[in-house]
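**Student:** One structure, pasted below without further comment.
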Amino acid sequence: MYIFIDIGGTKTRIGRCDDFDDPVDIVQKFSTPDEAAAGMNQIAGIISDLDEAVAGIAIGIAGVVDGEEGMLLRAPNLAGWIDTPLRPFLADIVSPEKIFIANDTALGGLGEAHHGAGSPDGITAYFTVGTGVGGSRIVDGVIDRARFGFEPGHQVVDIGDFLAAGDDLPDEGHVPGHLEYFLSGHNIEERTGQNAVEVKDKQLWAEFQDRLVAALNNIIVMWAPDVIVLGGSMIIRNEFLSFAYMQKALERKVKILPEVPTLQRAILQDDVGLIGGRELLRQELG
């Protein structure tokens with residue numbers, strides 16, 4: 001049995017399969033606990049209750065990850081999980097060398113590249129907007145190397161707000177001027193007092209869309225992808241978002257490159273990180 005765990009800022013999901021060609025079965029999903037020990041002990045208990053031998057575990061978690069040490073280094077929405085090694089909580093289930101830990105969006109991109117709207121050939125840029133904002137670059141079907149992963153949600157899109165914020169900022173937090181400050185569900189909820197997916201303010205979503213276009217311009221000129229896959233709850237469940245509008249806007253705005261990659265809506269929905277985890281284990285253990 002192979003286990004896949006997606007630890008998000010809001011929800012944690014656990015999936016499984018017996019063979020890499022089998023579909024991912026959802027074992028359980030629950031609200032992510034505030035503290036790592038509570039969350040990992042709950043995860044360990046759920047896996048143990050399955051009472052089957054585990055051949056490998058893939059964990060995707062929202063934030064900057066040290067995969068070798070197996071812990072979260074920075075995470076605006078998971079502060080209680082930072083600097084806690086995760087593998088020891090699963091030591092009684094499987095050997096540490098068979099536990100692989102990555103940024104959740106990296107696994108999401110891997111899943112979409114192999115089984116969704118991206119491609120295992122060439123370069124897929126996966127960009128997701130949900131509780132936070134993240135992204136990953138998949139090159140020829142493999143997560144691209146980076147010192148600390150990719151964090152496109154923290155690109156500066158408003159230099160005035162960014163400079164006015166000064167330097168006295170926490171490592172974890174939504175920094176004024178950063179893309180995440182404007183687009184994340186967390187901050188939209190803070191600004192409006194509503195669950196972000198329930199907000200019906202057309203002006204807010206028009207601004208959201210234009211800021212997203214600016215960010216995608218940056219992704220295109222820095223990553224030069226063949227395709228951009230957009231996912232996350234703020235994209236998938238957003239009735240105010242027009243892919244046709246954004247595609248045409250990028251074609252008008254991006255002049256330095258001879259062509260603009262196509263925008264695709266992610267199709268794997270909430271299972272994307274689990275499917276990406278299955279693909280990661282296939283590459284590492286298959």
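Simple scheme: letters A, B, ... for chains in structure tokens order, numbers from 1 for residues in each chain, numbers from 1 for ligands in the order shown.
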Using only C-alpha atoms, what does the table of stretch 73-150 of chain A residues within 9 Å of stretch 1-9 of chain A look like, with each row giving the shortest atom pair and its distance in Å to one decimal, sorted by chain and ascending number, as a Markdown table?
**Tutor:**
```
| residue | atom | partner | partner_atom | distance |
| --- | --- | --- | --- | --- |
| A:Ala75 | CA | A:Gly9 | CA | 8.7 |
| A:Pro76 | CA | A:Gly9 | CA | 8.5 |
| A:Asn77 | CA | A:Gly9 | CA | 5.0 |
| A:Leu78 | CA | A:Gly9 | CA | 5.8 |
| A:Asp104 | CA | A:Asp6 | CA | 6.6 |
| A:Leu107 | CA | A:Asp6 | CA | 9.0 |
| A:Thr131 | CA | A:Gly9 | CA | 6.6 |
| A:Gly132 | CA | A:Gly9 | CA | 7.8 |
```
**Student:** For a quick check of understanding, using only C-alpha atoms, which of A:Trp223, A:Tyr245, A:Phe240, A:Phe182 has the smallest distance to A:Ala125?
**Tutor:**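 Using only C-alpha atoms, A:Ala125 sits closest to A:Trp223.
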**Student:** Could you list, as a PDB file with C-alpha atoms, in the first residue's frame, every residue within 12 Å of A:Gly15, counting only C-alpha atoms and ignoring same-chain residues fewer than 5 positions away?
**Tutor:**
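Okay, out-v8.pdb is ready:
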```pdb
ATOM      1  CA  MET A   1       0.000   0.000   0.000  1.00  0.00           C
ATOM      2  CA  TYR A   2       1.169   3.518  -0.871  1.00  0.00           C
ATOM      3  CA  ILE A   3      -0.014   6.532   1.120  1.00  0.00           C
ATOM      4  CA  PHE A   4      -0.348  10.139  -0.050  1.00  0.00           C
ATOM      5  CA  ILE A   5      -0.914  13.054   2.329  1.00  0.00           C
ATOM      6  CA  ASP A   6      -1.864  16.602   1.355  1.00  0.00           C
ATOM      7  CA  ILE A   7      -1.470  19.029   4.287  1.00  0.00           C
ATOM      8  CA  ASP A  22      -4.621   2.200  -9.530  1.00  0.00           C
ATOM      9  CA  PRO A  23      -6.787   5.272  -8.896  1.00  0.00           C
ATOM     10  CA  VAL A  24      -6.222   7.123  -5.637  1.00  0.00           C
ATOM     11  CA  ASP A  25      -8.787   6.196  -2.990  1.00  0.00           C
ATOM     12  CA  ILE A  26      -9.582   8.882  -0.427  1.00  0.00           C
ATOM     13  CA  VAL A  27      -9.042   7.510   3.069  1.00  0.00           C
ATOM     14  CA  GLN A  28     -10.008  10.558   5.110  1.00  0.00           C
ATOM     15  CA  LYS A  29     -10.036  14.353   5.119  1.00  0.00           C
ATOM     16  CA  ILE A  43      -2.360  11.086  10.410  1.00  0.00           C
ATOM     17  CA  ILE A  46      -5.455   6.917  10.524  1.00  0.00           C
ATOM     18  CA  ILE A  47      -2.767   5.052   8.586  1.00  0.00           C
ATOM     19  CA  LEU A  50      -5.778   0.644   7.858  1.00  0.00           C
ATOM     20  CA  ILE A  57       4.521   7.731   1.811  1.00  0.00           C
ATOM     21  CA  ALA A  58       4.459  11.048  -0.051  1.00  0.00           C
ATOM     22  CA  ILE A  59       3.620  14.203   1.893  1.00  0.00           C
ATOM     23  CA  GLY A  60       2.786  17.540   0.308  1.00  0.00           C
ATOM     24  CA  ASP A 270      -9.104  18.565  -4.714  1.00  0.00           C
ATOM     25  CA  ASP A 271      -7.245  15.307  -5.436  1.00  0.00           C
ATOM     26  CA  VAL A 272      -4.409  17.020  -7.318  1.00  0.00           C
ATOM     27  CA  GLY A 273      -1.855  16.798  -4.489  1.00  0.00           C
ATOM     28  CA  LEU A 274      -2.648  13.144  -3.819  1.00  0.00           C
ATOM     29  CA  ILE A 275      -2.306  12.241  -7.486  1.00  0.00           C
ATOM     30  CA  GLY A 276       0.955  14.177  -7.582  1.00  0.00           C
ATOM     31  CA  GLY A 277       2.109  12.250  -4.514  1.00  0.00           C
ATOM     32  CA  ARG A 278       1.403   8.991  -6.299  1.00  0.00           C
TER      33      ARG A 278
END
```
**Student:** Write out as a list in words which residues come within 12 Å of A:Val199 when counting only C-alpha atoms, dropping same-chain ones fewer than 3 positions away.
**Tutor:**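 That gives Gly185, Ile188, Glu189, Glu190, Arg191, Thr192, Gly193, Gln194, Asn195, Ala196, Lys202, Gln203, Leu204, Trp205, Phe208, Met234, Arg237, Asn238, Glu239 and Phe240 of chain A.
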**Student:** For the selection just defined, write its residues with N, CA, C and O atoms to a file, as a JSON list (two decimals), in the first residue's frame.
**Tutor:**
```
[["chain", "number", "residue", "atom", "x", "y", "z"],
["A", 185, "GLY", "N", -7.22, 33.59, -0.65],
["A", 185, "GLY", "CA", -8.52, 33.51, 0.01],
["A", 185, "GLY", "C", -8.47, 34.02, 1.43],
["A", 185, "GLY", "O", -9.42, 34.63, 1.93],
["A", 188, "ILE", "N", -8.57, 37.88, 1.24],
["A", 188, "ILE", "CA", -9.86, 38.37, 0.76],
["A", 188, "ILE", "C", -10.90, 38.22, 1.87],
["A", 188, "ILE", "O", -11.74, 39.11, 2.08],
["A", 189, "GLU", "N", -10.83, 37.13, 2.61],
["A", 189, "GLU", "CA", -11.75, 36.95, 3.74],
["A", 189, "GLU", "C", -11.51, 38.01, 4.81],
["A", 189, "GLU", "O", -12.46, 38.56, 5.38],
["A", 190, "GLU", "N", -10.23, 38.33, 5.08],
["A", 190, "GLU", "CA", -9.92, 39.36, 6.06],
["A", 190, "GLU", "C", -10.45, 40.72, 5.63],
["A", 190, "GLU", "O", -10.94, 41.50, 6.45],
["A", 191, "ARG", "N", -10.35, 41.01, 4.34],
["A", 191, "ARG", "CA", -10.75, 42.33, 3.85],
["A", 191, "ARG", "C", -12.27, 42.47, 3.75],
["A", 191, "ARG", "O", -12.80, 43.56, 3.93],
["A", 192, "THR", "N", -12.97, 41.38, 3.44],
["A", 192, "THR", "CA", -14.40, 41.47, 3.19],
["A", 192, "THR", "C", -15.26, 40.95, 4.34],
["A", 192, "THR", "O", -16.45, 41.26, 4.40],
["A", 193, "GLY", "N", -14.68, 40.13, 5.22],
["A", 193, "GLY", "CA", -15.46, 39.52, 6.28],
["A", 193, "GLY", "C", -16.31, 38.36, 5.79],
["A", 193, "GLY", "O", -17.17, 37.86, 6.53],
["A", 194, "GLN", "N", -16.09, 37.89, 4.55],
["A", 194, "GLN", "CA", -16.84, 36.78, 3.98],
["A", 194, "GLN", "C", -15.89, 35.68, 3.54],
["A", 194, "GLN", "O", -14.72, 35.93, 3.23],
["A", 195, "ASN", "N", -16.41, 34.45, 3.49],
["A", 195, "ASN", "CA", -15.67, 33.39, 2.84],
["A", 195, "ASN", "C", -15.41, 33.82, 1.40],
["A", 195, "ASN", "O", -16.32, 34.23, 0.69],
["A", 196, "ALA", "N", -14.15, 33.75, 0.97],
["A", 196, "ALA", "CA", -13.76, 34.34, -0.31],
["A", 196, "ALA", "C", -14.59, 33.82, -1.49],
["A", 196, "ALA", "O", -14.94, 34.60, -2.39],
["A", 202, "LYS", "N", -18.21, 42.38, -8.00],
["A", 202, "LYS", "CA", -17.63, 42.27, -9.34],
["A", 202, "LYS", "C", -16.37, 43.10, -9.48],
["A", 202, "LYS", "O", -15.43, 42.71, -10.19],
["A", 203, "GLN", "N", -16.32, 44.25, -8.81],
["A", 203, "GLN", "CA", -15.14, 45.10, -8.89],
["A", 203, "GLN", "C", -13.93, 44.41, -8.26],
["A", 203, "GLN", "O", -12.82, 44.45, -8.78],
["A", 204, "LEU", "N", -14.17, 43.74, -7.11],
["A", 204, "LEU", "CA", -13.08, 43.01, -6.45],
["A", 204, "LEU", "C", -12.53, 41.93, -7.39],
["A", 204, "LEU", "O", -11.31, 41.79, -7.52],
["A", 205, "TRP", "N", -13.42, 41.21, -8.06],
["A", 205, "TRP", "CA", -12.95, 40.12, -8.92],
["A", 205, "TRP", "C", -12.32, 40.64, -10.20],
["A", 205, "TRP", "O", -11.43, 39.98, -10.76],
["A", 208, "PHE", "N", -8.90, 41.38, -9.05],
["A", 208, "PHE", "CA", -8.26, 40.08, -8.84],
["A", 208, "PHE", "C", -7.75, 39.54, -10.17],
["A", 208, "PHE", "O", -6.59, 39.10, -10.30],
["A", 234, "MET", "N", -9.80, 29.37, -5.49],
["A", 234, "MET", "CA", -10.12, 30.71, -5.97],
["A", 234, "MET", "C", -10.17, 30.78, -7.49],
["A", 234, "MET", "O", -10.65, 31.75, -8.07],
["A", 237, "ARG", "N", -13.44, 27.48, -8.53],
["A", 237, "ARG", "CA", -14.83, 27.76, -8.15],
["A", 237, "ARG", "C", -15.19, 29.24, -8.33],
["A", 237, "ARG", "O", -16.10, 29.73, -7.70],
["A", 238, "ASN", "N", -14.49, 29.92, -9.23],
["A", 238, "ASN", "CA", -14.69, 31.36, -9.41],
["A", 238, "ASN", "C", -15.50, 31.65, -10.66],
["A", 238, "ASN", "O", -14.99, 31.57, -11.78],
["A", 239, "GLU", "N", -16.75, 32.02, -10.47],
["A", 239, "GLU", "CA", -17.63, 32.28, -11.61],
["A", 239, "GLU", "C", -17.31, 33.58, -12.32],
["A", 239, "GLU", "O", -17.77, 33.83, -13.44],
["A", 240, "PHE", "N", -16.48, 34.44, -11.70],
["A", 240, "PHE", "CA", -16.18, 35.75, -12.28],
["A", 240, "PHE", "C", -14.90, 35.74, -13.11],
["A", 240, "PHE", "O", -14.55, 36.75, -13.71]]
```
**Student:** Where does DSSP see helix (DSSP H, G or I) in stretch 76-188 of chain A, if you list the residues as a ChimeraX atom specification?
**Tutor:** /A:79-81,87-90,96-98,104-115,152-154,159-164,179-183,185-188
**Student:** When you count only C-alpha atoms, which of these residues is closest to A:Asp92: A:Leu285, A:Leu72, A:Leu183, A:Val54?
**Tutor:**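 Once distances to A:Asp92 are computed over only C-alpha atoms, the minimum belongs to A:Val54.
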**Student:** Give the strand (DSSP E) residues of stretch 52-264 of chain A, as assigned by DSSP on the backbone, as a VMD selection string.
**Tutor:** chain A and resid 56 to 61 64 to 66 71 to 74 99 to 103 123 to 129 133 to 139 142 to 143 227 to 231 262 to 264
**Student:** Have a look at atom CA of A:Asn103 and atom CA of A:Arg87 and let me know their distance in Å, one decimal.
**Tutor:** 15.0 Å
**Student:** Excluding A:Ser31 and any residue of its chain fewer than 3 positions from it, enumerate the residues within 7 Å of it, using only C-alpha atoms, and give them as a ChimeraX atom specification.
**Tutor:** /A:10-12
**Student:** Those residues you just picked out, can you put them in a file as a PDB file, in the first residue's frame with C-alpha atoms?
**Tutor:**
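Result went into selection24.pdb, see below:
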```
ATOM      1  CA  THR A  10      -7.188  24.608   5.796  1.00  0.00           C
ATOM      2  CA  LYS A  11      -7.698  20.896   5.069  1.00  0.00           C
ATOM      3  CA  THR A  12      -5.649  17.717   5.255  1.00  0.00           C
TER       4      THR A  12
END
```
**Student:** I'd like a table as a Markdown table: residues in stretch 193-274 of chain A with an atom no more than 9 Å from stretch 153-161 of chain A, each row giving the shortest atom pair and its distance in Å to one decimal, only C-alpha atoms counted, sorted by chain and rising residue number.
**Tutor:**
```
| residue | atom | partner | partner_atom | distance |
| --- | --- | --- | --- | --- |
| A:Arg211 | CA | A:Val157 | CA | 7.6 |
| A:Ala214 | CA | A:Val157 | CA | 7.6 |
| A:Ala215 | CA | A:Val157 | CA | 7.3 |
| A:Asn218 | CA | A:Gln155 | CA | 8.7 |
```
